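Shown here: query_6.txt, compact mmCIF, C-alpha atoms.
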```txt
# COMPACT_ATOMS: atom_id res chain seq x y z
CA MET A 1 92.57 86.46 111.12
CA ALA A 2 92.06 83.76 108.47
CA SER A 3 91.53 85.40 105.09
CA PRO A 4 88.08 84.74 103.67
CA VAL A 5 89.58 84.83 100.17
CA ILE A 6 89.43 81.58 98.19
CA GLU A 7 92.56 81.22 96.05
CA PRO A 8 91.01 80.06 92.74
CA VAL A 9 88.38 82.81 93.02
CA ALA A 10 91.03 85.46 93.64
CA ARG A 11 93.03 84.20 90.67
CA LEU A 12 90.05 84.40 88.31
CA VAL A 13 89.13 87.89 89.55
CA GLU A 14 92.73 88.92 88.90
CA ALA A 15 92.78 87.39 85.41
CA PHE A 16 89.56 89.16 84.46
CA ALA A 17 90.77 92.46 85.91
CA ARG A 18 93.82 92.32 83.65
CA LEU A 19 91.57 92.65 80.58
CA PRO A 20 91.17 96.17 79.16
CA GLY A 21 88.08 97.99 80.41
CA ILE A 22 87.37 95.41 83.14
CA GLY A 23 87.77 96.95 86.60
CA PRO A 24 88.11 95.00 89.84
CA LYS A 25 84.36 95.28 90.59
CA THR A 26 83.34 93.92 87.20
CA ALA A 27 85.98 91.19 87.50
CA GLN A 28 84.43 90.14 90.81
CA ARG A 29 80.93 90.13 89.38
CA LEU A 30 81.99 88.04 86.37
CA THR A 31 83.75 85.56 88.63
CA TYR A 32 80.74 85.11 90.89
CA HIS A 33 78.48 84.81 87.89
CA LEU A 34 80.60 81.95 86.54
CA LEU A 35 80.66 80.26 89.94
CA ARG A 36 76.90 79.97 89.85
CA ALA A 37 76.28 79.58 86.13
CA PRO A 38 75.98 76.12 84.58
CA ASP A 39 79.35 74.38 84.51
CA ALA A 40 79.41 74.50 80.70
CA GLU A 41 79.54 78.29 80.62
CA ALA A 42 82.96 78.61 82.26
CA ARG A 43 84.33 75.63 80.34
CA THR A 44 83.08 76.91 76.97
CA LEU A 45 84.78 80.23 77.62
CA ALA A 46 88.00 78.47 78.66
CA ARG A 47 87.97 76.31 75.53
CA ALA A 48 87.29 79.32 73.31
CA LEU A 49 90.26 81.13 74.86
CA ILE A 50 92.62 78.24 74.17
CA ALA A 51 91.26 77.77 70.63
CA VAL A 52 91.73 81.41 69.75
CA ARG A 53 95.40 81.14 70.64
CA ASP A 54 95.95 77.72 69.11
CA GLU A 55 93.97 78.09 65.89
CA VAL A 56 94.10 81.77 64.95
CA VAL A 57 97.06 83.16 63.04
CA PHE A 58 97.66 86.33 61.09
CA CYS A 59 97.25 86.15 57.33
CA GLU A 60 100.69 86.13 55.75
CA ARG A 61 99.59 88.51 53.01
CA CYS A 62 97.32 91.11 54.65
CA PHE A 63 97.94 90.40 58.39
CA ASN A 64 94.25 90.19 59.16
CA ILE A 65 93.31 87.39 61.56
CA SER A 66 92.99 84.05 59.86
CA ASP A 67 92.51 80.32 60.39
CA ALA A 68 94.88 79.48 57.53
CA PRO A 69 98.08 80.94 56.02
CA LEU A 70 95.85 83.15 53.85
CA CYS A 71 92.72 84.73 55.33
CA PRO A 72 89.24 84.24 53.81
CA ILE A 73 89.40 87.64 52.08
CA CYS A 74 92.84 87.03 50.53
CA ARG A 75 91.66 83.55 49.46
CA ASP A 76 88.52 84.90 47.80
CA PRO A 77 89.09 84.99 44.01
CA ALA A 78 86.08 87.27 43.55
CA ARG A 79 87.67 90.26 45.31
CA ASP A 80 89.13 93.12 43.33
CA ASP A 81 92.96 93.09 43.40
CA GLY A 82 93.15 96.65 42.10
CA HIS A 83 91.82 98.28 45.26
CA LEU A 84 93.57 97.99 48.60
CA CYS A 85 92.19 99.31 51.90
CA VAL A 86 94.78 99.98 54.60
CA VAL A 87 93.52 99.79 58.20
CA GLU A 88 95.05 99.81 61.68
CA GLU A 89 93.37 96.77 63.23
CA PRO A 90 91.53 93.54 62.30
CA LEU A 91 88.38 95.00 63.89
CA ASP A 92 88.49 97.75 61.26
CA VAL A 93 88.30 95.11 58.53
CA LEU A 94 85.15 93.70 60.13
CA ALA A 95 83.62 97.19 60.36
CA ILE A 96 84.26 97.92 56.67
CA GLU A 97 83.09 94.45 55.61
CA ARG A 98 79.82 95.03 57.42
CA THR A 99 79.09 97.98 55.16
CA GLY A 100 79.34 95.83 52.03
CA GLU A 101 80.73 98.93 50.26
CA PHE A 102 84.21 97.64 49.55
CA ARG A 103 85.08 94.63 47.37
CA GLY A 104 88.86 95.02 47.20
CA ARG A 105 91.61 93.63 49.44
CA TYR A 106 92.90 94.78 52.82
CA HIS A 107 96.18 95.41 54.57
CA VAL A 108 96.24 95.50 58.36
CA LEU A 109 99.06 97.61 59.82
CA HIS A 110 98.54 96.48 63.44
CA GLY A 111 98.72 99.97 64.84
CA ALA A 112 99.57 103.49 63.79
CA ILE A 113 102.74 105.53 63.87
CA SER A 114 103.04 107.16 67.29
CA PRO A 115 106.42 108.65 68.21
CA ILE A 116 105.15 109.36 71.77
CA ASP A 117 104.50 105.64 72.30
CA GLY A 118 107.74 104.73 70.55
CA ILE A 119 105.91 103.18 67.60
CA GLY A 120 107.82 103.95 64.42
CA PRO A 121 107.00 102.69 60.91
CA GLU A 122 109.25 99.66 61.43
CA ARG A 123 106.90 98.38 64.17
CA LEU A 124 103.97 98.22 61.75
CA ARG A 125 103.32 96.02 58.71
CA ILE A 126 104.50 98.82 56.38
CA ARG A 127 107.46 97.03 54.83
CA GLU A 128 105.08 94.25 53.83
CA LEU A 129 102.59 96.76 52.39
CA ILE A 130 105.25 98.39 50.19
CA ALA A 131 106.41 94.94 49.09
CA ARG A 132 102.82 93.99 48.16
CA VAL A 133 102.37 97.14 46.11
CA ASP A 134 105.77 96.72 44.41
CA GLU A 135 105.06 93.08 43.65
CA ALA A 136 101.72 93.93 42.02
CA ALA A 137 103.40 96.59 39.87
CA ALA A 138 106.23 94.21 38.95
CA GLY A 139 103.61 91.64 37.94
CA GLY A 140 102.18 94.14 35.47
CA SER A 141 99.04 94.93 37.45
CA GLN A 142 99.77 98.14 39.32
CA MET A 143 97.16 98.84 42.00
CA ILE A 144 94.49 101.32 40.95
CA GLU A 145 93.80 102.78 44.37
CA VAL A 146 95.07 102.44 47.91
CA ILE A 147 92.53 103.75 50.44
CA MET A 148 93.95 104.96 53.75
CA ALA A 149 91.31 103.93 56.27
CA THR A 150 93.42 104.53 59.39
CA ASN A 151 91.61 106.19 62.27
CA PRO A 152 90.81 109.93 62.15
CA THR A 153 93.23 110.53 65.05
CA LEU A 154 96.59 112.27 65.16
CA GLU A 155 98.35 108.91 64.83
CA GLY A 156 96.04 107.65 62.10
CA GLU A 157 96.48 110.87 60.08
CA ALA A 158 100.25 110.79 60.48
CA THR A 159 100.32 107.17 59.33
CA ALA A 160 98.16 107.96 56.30
CA MET A 161 100.40 110.92 55.38
CA TYR A 162 103.55 108.85 55.77
CA LEU A 163 102.18 106.00 53.65
CA GLY A 164 100.88 108.45 51.06
CA GLU A 165 104.44 109.65 50.52
CA ARG A 166 105.90 106.16 50.48
CA LEU A 167 103.34 104.98 47.92
CA GLU A 168 103.55 107.96 45.57
CA GLY A 169 104.18 106.86 42.01
CA LYS A 170 103.77 103.20 42.94
CA VAL A 171 99.95 103.10 42.63
CA GLY A 172 97.28 104.80 40.58
CA SER A 173 96.07 106.92 43.47
CA VAL A 174 96.22 107.08 47.24
CA THR A 175 92.98 108.25 48.88
CA ARG A 176 91.87 108.97 52.44
CA ILE A 177 88.42 108.15 53.84
CA ALA A 178 86.29 111.25 54.44
CA ARG A 179 86.30 113.04 57.76
CA GLY A 180 83.07 114.92 58.52
CA LEU A 181 79.94 114.91 60.60
CA PRO A 182 78.83 111.42 61.61
CA VAL A 183 75.46 110.50 60.11
CA GLY A 184 72.74 111.11 62.69
CA GLY A 185 75.04 113.54 64.50
CA ASP A 186 74.18 117.08 65.43
CA LEU A 187 76.11 119.98 63.88
CA GLU A 188 75.62 122.02 67.03
CA TYR A 189 77.57 119.50 69.09
CA ALA A 190 80.30 118.71 66.58
CA ASP A 191 83.84 119.59 67.64
CA ASP A 192 85.67 122.30 65.70
CA VAL A 193 88.11 119.98 63.96
CA THR A 194 85.33 117.73 62.68
CA LEU A 195 83.36 120.76 61.51
CA ILE A 196 86.40 122.19 59.69
CA ARG A 197 86.95 118.82 58.03
CA ALA A 198 83.27 118.64 57.08
CA LEU A 199 83.46 122.07 55.44
CA GLN A 200 86.73 121.34 53.67
CA GLY A 201 85.34 118.05 52.39
CA ARG A 202 82.10 119.55 51.04
CA ARG A 203 80.89 118.26 47.68
CA ALA A 204 78.37 119.36 45.07
CA LEU A 205 74.85 118.21 45.89
CA MET B 1 80.81 85.94 49.37
CA ALA B 2 83.26 84.15 51.65
CA SER B 3 82.65 85.25 55.21
CA PRO B 4 85.59 87.11 56.72
CA VAL B 5 84.67 85.65 60.12
CA ILE B 6 87.20 83.30 61.70
CA GLU B 7 85.39 80.55 63.63
CA PRO B 8 87.50 80.48 66.84
CA VAL B 9 87.30 84.27 67.04
CA ALA B 10 83.53 84.24 66.60
CA ARG B 11 83.21 81.58 69.30
CA LEU B 12 85.26 83.58 71.81
CA VAL B 13 83.32 86.78 71.07
CA GLU B 14 80.13 84.81 71.65
CA ALA B 15 81.38 83.29 74.91
CA PHE B 16 82.39 86.71 76.24
CA ALA B 17 79.10 88.27 75.15
CA ARG B 18 77.21 85.70 77.21
CA LEU B 19 78.69 87.17 80.41
CA PRO B 20 76.51 89.67 82.28
CA GLY B 21 77.28 93.28 81.41
CA ILE B 22 79.47 92.38 78.42
CA GLY B 23 77.90 93.57 75.17
CA PRO B 24 78.91 92.41 71.70
CA LYS B 25 81.26 95.38 71.19
CA THR B 26 83.13 94.76 74.44
CA ALA B 27 83.26 91.03 73.68
CA GLN B 28 84.89 91.85 70.34
CA ARG B 29 87.40 94.18 71.94
CA LEU B 30 88.34 91.61 74.62
CA THR B 31 88.79 88.93 71.98
CA TYR B 32 91.07 91.07 69.83
CA HIS B 33 93.01 92.10 72.90
CA LEU B 34 93.66 88.46 73.76
CA LEU B 35 94.65 87.69 70.17
CA ARG B 36 97.49 90.18 70.43
CA ALA B 37 98.39 89.90 74.11
CA PRO B 38 101.17 87.55 75.21
CA ASP B 39 100.07 83.94 74.91
CA ALA B 40 100.15 83.51 78.70
CA GLU B 41 97.34 86.01 79.24
CA ALA B 42 94.66 83.96 77.47
CA ARG B 43 95.96 80.71 78.93
CA THR B 44 96.07 82.07 82.48
CA LEU B 45 92.47 83.19 82.16
CA ALA B 46 91.45 79.80 80.73
CA ARG B 47 93.19 77.96 83.58
CA ALA B 48 91.62 80.24 86.19
CA LEU B 49 88.18 79.53 84.72
CA ILE B 50 88.67 75.78 84.92
CA ALA B 51 90.14 75.99 88.44
CA VAL B 52 87.24 78.03 89.73
CA ARG B 53 84.83 75.31 88.61
CA ASP B 54 87.01 72.39 89.68
CA GLU B 55 88.27 73.67 93.02
CA VAL B 56 85.60 75.97 94.39
CA VAL B 57 82.65 74.55 96.30
CA PHE B 58 80.03 76.02 98.58
CA CYS B 59 80.65 75.74 102.32
CA GLU B 60 78.37 73.05 103.68
CA ARG B 61 77.56 75.12 106.75
CA CYS B 62 77.18 78.75 105.56
CA PHE B 63 77.08 78.27 101.74
CA ASN B 64 79.73 80.87 101.16
CA ILE B 65 82.28 79.94 98.48
CA SER B 66 85.00 77.68 99.79
CA ASP B 67 87.99 75.57 98.82
CA ALA B 68 87.11 72.92 101.43
CA PRO B 69 83.91 71.43 102.91
CA LEU B 70 83.98 74.27 105.47
CA CYS B 71 84.92 77.79 104.36
CA PRO B 72 87.76 79.76 106.01
CA ILE B 73 85.30 81.76 108.13
CA CYS B 74 83.43 78.67 109.39
CA ARG B 75 86.80 77.01 110.08
CA ASP B 76 88.10 79.99 112.07
CA PRO B 77 87.83 79.17 115.82
CA ALA B 78 88.29 82.86 116.70
CA ARG B 79 84.97 83.97 115.22
CA ASP B 80 81.97 84.62 117.44
CA ASP B 81 79.34 81.85 117.20
CA GLY B 82 76.73 83.98 118.91
CA HIS B 83 76.29 86.43 116.04
CA LEU B 84 75.13 85.40 112.60
CA CYS B 85 74.96 87.68 109.58
CA VAL B 86 72.53 86.62 106.83
CA VAL B 87 73.35 87.84 103.32
CA GLU B 88 72.11 87.17 99.80
CA GLU B 89 75.40 86.50 97.98
CA PRO B 90 79.03 85.50 98.60
CA LEU B 91 80.08 88.98 97.38
CA ASP B 92 78.15 90.45 100.30
CA VAL B 93 80.32 88.45 102.71
CA LEU B 94 83.43 89.95 101.12
CA ALA B 95 81.96 93.45 101.39
CA ILE B 96 81.19 93.05 105.11
CA GLU B 97 84.55 91.39 105.80
CA ARG B 98 86.31 94.36 104.23
CA THR B 99 84.80 96.62 106.90
CA GLY B 100 86.34 94.60 109.72
CA GLU B 101 83.24 95.50 111.77
CA PHE B 102 81.81 92.02 112.14
CA ARG B 103 83.48 89.08 113.87
CA GLY B 104 80.61 86.58 113.87
CA ARG B 105 79.57 83.94 111.35
CA TYR B 106 77.69 84.21 108.06
CA HIS B 107 74.88 82.49 106.24
CA VAL B 108 74.57 82.96 102.48
CA LEU B 109 71.02 82.55 101.14
CA HIS B 110 72.00 82.61 97.46
CA GLY B 111 69.29 85.02 96.49
CA ALA B 112 66.23 86.70 97.90
CA ILE B 113 62.55 85.82 97.90
CA SER B 114 61.01 87.15 94.69
CA PRO B 115 57.54 85.86 93.77
CA ILE B 116 57.73 87.68 90.41
CA ASP B 117 60.82 85.69 89.46
CA GLY B 118 59.33 82.51 90.90
CA ILE B 119 61.86 82.41 93.74
CA GLY B 120 60.15 81.15 96.88
CA PRO B 121 61.81 80.47 100.25
CA GLU B 122 62.41 76.84 99.24
CA ARG B 123 64.81 77.98 96.50
CA LEU B 124 67.10 79.68 99.05
CA ARG B 125 69.27 78.26 101.83
CA ILE B 126 66.58 79.05 104.40
CA ARG B 127 65.88 75.50 105.57
CA GLU B 128 69.59 75.20 106.34
CA LEU B 129 69.57 78.52 108.21
CA ILE B 130 66.69 77.45 110.45
CA ALA B 131 68.43 74.11 111.07
CA ARG B 132 71.64 75.93 112.07
CA VAL B 133 69.78 78.15 114.50
CA ASP B 134 67.83 75.23 115.96
CA GLU B 135 70.99 73.16 116.30
CA ALA B 136 72.78 75.95 118.19
CA ALA B 137 69.80 76.27 120.57
CA ALA B 138 69.62 72.49 121.03
CA GLY B 139 73.34 72.50 121.88
CA GLY B 140 72.65 74.94 124.71
CA SER B 141 74.15 78.01 123.01
CA GLN B 142 71.23 79.89 121.50
CA MET B 143 72.37 82.55 119.07
CA ILE B 144 72.48 86.05 120.54
CA GLU B 145 71.73 87.96 117.37
CA VAL B 146 70.90 87.26 113.74
CA ILE B 147 71.59 90.30 111.54
CA MET B 148 69.57 90.51 108.34
CA ALA B 149 72.00 92.01 105.85
CA THR B 150 69.96 91.29 102.73
CA ASN B 151 69.86 94.09 100.16
CA PRO B 152 67.72 97.20 100.79
CA THR B 153 65.47 96.22 97.86
CA LEU B 154 61.88 95.01 97.77
CA GLU B 155 63.09 91.41 97.60
CA GLY B 156 65.74 91.86 100.27
CA GLU B 157 63.25 93.51 102.63
CA ALA B 158 60.66 90.77 102.02
CA THR B 159 63.28 88.12 102.71
CA ALA B 160 64.37 89.85 105.94
CA MET B 161 60.74 90.14 107.09
CA TYR B 162 60.03 86.50 106.28
CA LEU B 163 63.14 85.28 108.10
CA GLY B 164 62.41 87.57 111.05
CA GLU B 165 59.10 85.77 111.53
CA ARG B 166 60.61 82.32 111.06
CA LEU B 167 63.37 83.02 113.61
CA GLU B 168 61.19 84.62 116.27
CA GLY B 169 61.75 82.98 119.65
CA LYS B 170 64.61 80.90 118.30
CA VAL B 171 67.34 83.54 118.80
CA GLY B 172 68.07 86.39 121.20
CA SER B 173 67.21 89.04 118.64
CA VAL B 174 66.81 89.52 114.90
CA THR B 175 68.10 92.85 113.60
CA ARG B 176 68.17 94.59 110.23
CA ILE B 177 71.07 96.69 108.93
CA ALA B 178 70.28 100.40 108.85
CA ARG B 179 68.82 102.05 105.75
CA GLY B 180 69.67 105.73 105.42
CA LEU B 181 71.72 108.23 103.52
CA PRO B 182 74.96 106.78 102.16
CA VAL B 183 78.02 108.43 103.72
CA GLY B 184 79.31 111.12 101.40
CA GLY B 185 75.88 111.32 99.75
CA ASP B 186 73.85 114.47 99.28
CA LEU B 187 70.52 114.87 101.06
CA GLU B 188 69.22 116.97 98.21
CA TYR B 189 69.60 114.10 95.76
CA ALA B 190 68.42 111.29 98.03
CA ASP B 191 65.30 109.45 96.89
CA ASP B 192 62.17 109.73 99.04
CA VAL B 193 62.25 106.19 100.36
CA THR B 194 65.85 106.51 101.51
CA LEU B 195 65.08 109.86 103.14
CA ILE B 196 62.05 108.43 104.95
CA ARG B 197 64.20 105.52 106.17
CA ALA B 198 66.92 107.93 107.28
CA LEU B 199 64.38 109.94 109.30
CA GLN B 200 62.74 106.85 110.80
CA GLY B 201 66.13 105.49 111.76
CA ARG B 202 67.37 108.68 113.43
CA ARG B 203 69.29 108.30 116.68
CA ALA B 204 70.38 110.59 119.52
CA LEU B 205 73.61 112.46 118.73
```

I'd like the structure from this file rewritten - as structure tokens, please.
Amino acid sequence: MASPVIEPVARLVEAFARLPGIGPKTAQRLTYHLLRAPDAEARTLARALIAVRDEVVFCERCFNISDAPLCPICRDPARDDGHLCVVEEPLDVLAIERTGEFRGRYHVLHGAISPIDGIGPERLRIRELIARVDEAAAGGSQMIEVIMATNPTLEGEATAMYLGERLEGKVGSVTRIARGLPVGGDLEYADDVTLIRALQGRRAL
Amino acid sequence: MASPVIEPVARLVEAFARLPGIGPKTAQRLTYHLLRAPDAEARTLARALIAVRDEVVFCERCFNISDAPLCPICRDPARDDGHLCVVEEPLDVLAIERTGEFRGRYHVLHGAISPIDGIGPERLRIRELIARVDEAAAGGSQMIEVIMATNPTLEGEATAMYLGERLEGKVGSVTRIARGLPVGGDLEYADDVTLIRALQGRRAL
């Protein structure tokens, strides 16, 4: 029996299915969509894929994504050098920037410490973080605050704890973002750990 | 404030978000995945996208996707010319082929009649279907059966009805795939229309 499968179609389905969260059914649907969509749609996506690999680098200071050796935030002279926010991923920077609540600098670790997955501190951008903090202190402008904004997961907490110890005495203070009930959430449905954290983190009204 | 958005990243997020079923959050996650994945992953996807547009055509007989003027099924001399299965989309051909139950030929309409969406019969490959059927009859080998395998939706049913009328007298018989309870389904949760169809379509044990 001659296979009814068309090679280029099978290859595109396969390439889509390799992406996280895209199953074989979705990959098929995307492929058939692009077969019928205007020619420009597939080509624009292809060009954007190449450009993202050719033009995007990681900032050599904070390791956020960048289109130049230093990212737009590190280049911005208006940001506050005294406050540093440490996050796991570039997407976390975007999330915090959207709030408009933070005007300091960032440091992107590119992950969290996870012994189970074999990710030790040496796999993250921790050496560079310590060097940044040391350099600021050596330059006479010790950092006022380093905010640990790693995820509220086991790995994120462990990373924050580890960094807290490493940074002790090197900066004014090391803080951790609050864990508690999400705004708009329902106390009744909160998990125990979140509820405990919310109680422990209570503040005067 | 300098925007922390990197142009090539924003463009790829946008291109992904234009795909059906991919929201802005998923588009962001896919983009950041490809930023960190091995270089080959993004480039393989880009190449597959270009290839699908450059190398894939529609079969000039059945309008299924193809890598040559005639698709692998139309080229296959072992298939039965007397039975024709009419479907809405190329994905439907794949689904039926997977069953191994059908050894005839296909005709892909590329949609279904839908007055609400402004899709009349002239927008589908119906003229070509009638011509195929007429040609077979003129060649002395009238088709034995045309199976309407359009979707069990309002539009699919309307299309099947319309084609049934158009094909009357031109072929041995026009049939419609069965509507009923999906195998493994639960009668209790079946919708009324499906249950009515299942009762109407009952057969001797």

Against chain B, which residues of chain A fall within 8 Å? For each one I want the closest pair of atoms and the distance in Å (one decimal), counting only C-alpha atoms, rows by chain and increasing residue number, as CSV.
```
residue,atom,partner,partner_atom,distance
A:Met1,CA,B:Ala78,CA,7.9
A:Ala2,CA,B:Pro72,CA,6.4
A:Ser3,CA,B:Pro72,CA,6.8
A:Pro4,CA,B:Pro72,CA,5.5
A:Val5,CA,B:Pro72,CA,7.9
A:Ile6,CA,B:Ser66,CA,6.1
A:Glu7,CA,B:Asp67,CA,7.8
A:Pro8,CA,B:Val52,CA,5.2
A:Val9,CA,B:Val52,CA,5.9
A:Arg11,CA,B:Ala48,CA,6.1
A:Leu12,CA,B:Ala48,CA,4.9
A:Ala15,CA,B:Leu45,CA,5.3
A:Phe16,CA,B:Leu45,CA,7.0
A:Leu19,CA,B:Leu30,CA,6.9
A:Pro20,CA,B:Leu30,CA,7.0
A:Gln28,CA,B:Leu91,CA,8.0
A:Leu30,CA,B:Leu19,CA,6.9
A:Tyr32,CA,B:Leu91,CA,7.6
A:His33,CA,B:Pro20,CA,7.7
A:Leu35,CA,B:Arg53,CA,6.6
A:Asp39,CA,B:Arg53,CA,6.9
A:Glu41,CA,B:Ala15,CA,7.8
A:Ala42,CA,B:Leu49,CA,5.8
A:Arg43,CA,B:Ile50,CA,6.3
A:Thr44,CA,B:Ala15,CA,6.9
A:Leu45,CA,B:Ala15,CA,5.3
A:Ala46,CA,B:Ala46,CA,4.2
A:Arg47,CA,B:Ala46,CA,7.2
A:Ala48,CA,B:Leu12,CA,5.0
A:Leu49,CA,B:Ala42,CA,5.8
A:Ile50,CA,B:Arg43,CA,6.3
A:Ala51,CA,B:Pro8,CA,6.0
A:Val52,CA,B:Pro8,CA,5.2
A:Arg53,CA,B:Leu35,CA,6.6
A:Glu55,CA,B:Pro8,CA,7.0
A:Val56,CA,B:Pro8,CA,7.0
A:Ile65,CA,B:Ile6,CA,7.4
A:Ser66,CA,B:Ile6,CA,6.1
A:Asp67,CA,B:Ile6,CA,6.2
A:Cys71,CA,B:Pro4,CA,7.6
A:Pro72,CA,B:Pro4,CA,5.5
A:Ile73,CA,B:Pro4,CA,6.0
A:Asp76,CA,B:Ala2,CA,6.6
A:Ala78,CA,B:Met1,CA,8.0
A:Pro90,CA,B:Tyr32,CA,7.9
A:Leu91,CA,B:Tyr32,CA,7.6
A:Leu94,CA,B:Pro4,CA,7.4
A:Glu97,CA,B:Pro4,CA,7.8
```

query = Within 9 Å of B:Ala178, counting all atoms listed in the file, which residues qualify if same-chain residues fewer than 4 places away don't, as a PyMOL selection string?
reply = chain B and resi 197-198+201

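Proximity to stretch 145-155 of chain A at 6 Å, evaluated using all atoms listed in the file and with sequence-adjacent residues fewer than 4 positions away removed, yields His83, Leu84, Cys85, Val86, Val87, Glu88, Ala112, Ile113, Ser114, Ala160, Gly172, Ser173, Val174, Thr175, Arg176 and Ile177 of chain A.
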
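Among the candidates A:Ala17, A:Ala137, A:Ile119, A:Ala95, the residue lying nearest to A:Ala158 is A:Ile119 (atoms considered: only C-alpha atoms).
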
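From atom CA of B:Asp192 back to atom CA of B:Leu163, the distance works out to 26.1 Å.
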
request  = Find the spatial neighbours of A:Gln142, counting all atoms listed in the file, within a cut-off of 10 Å - ignore same-chain residues fewer than 2 positions away - and output them as a VMD selection string.
outcome  = chain A and resid 81 to 83 133 to 140 144 to 145 170 to 172
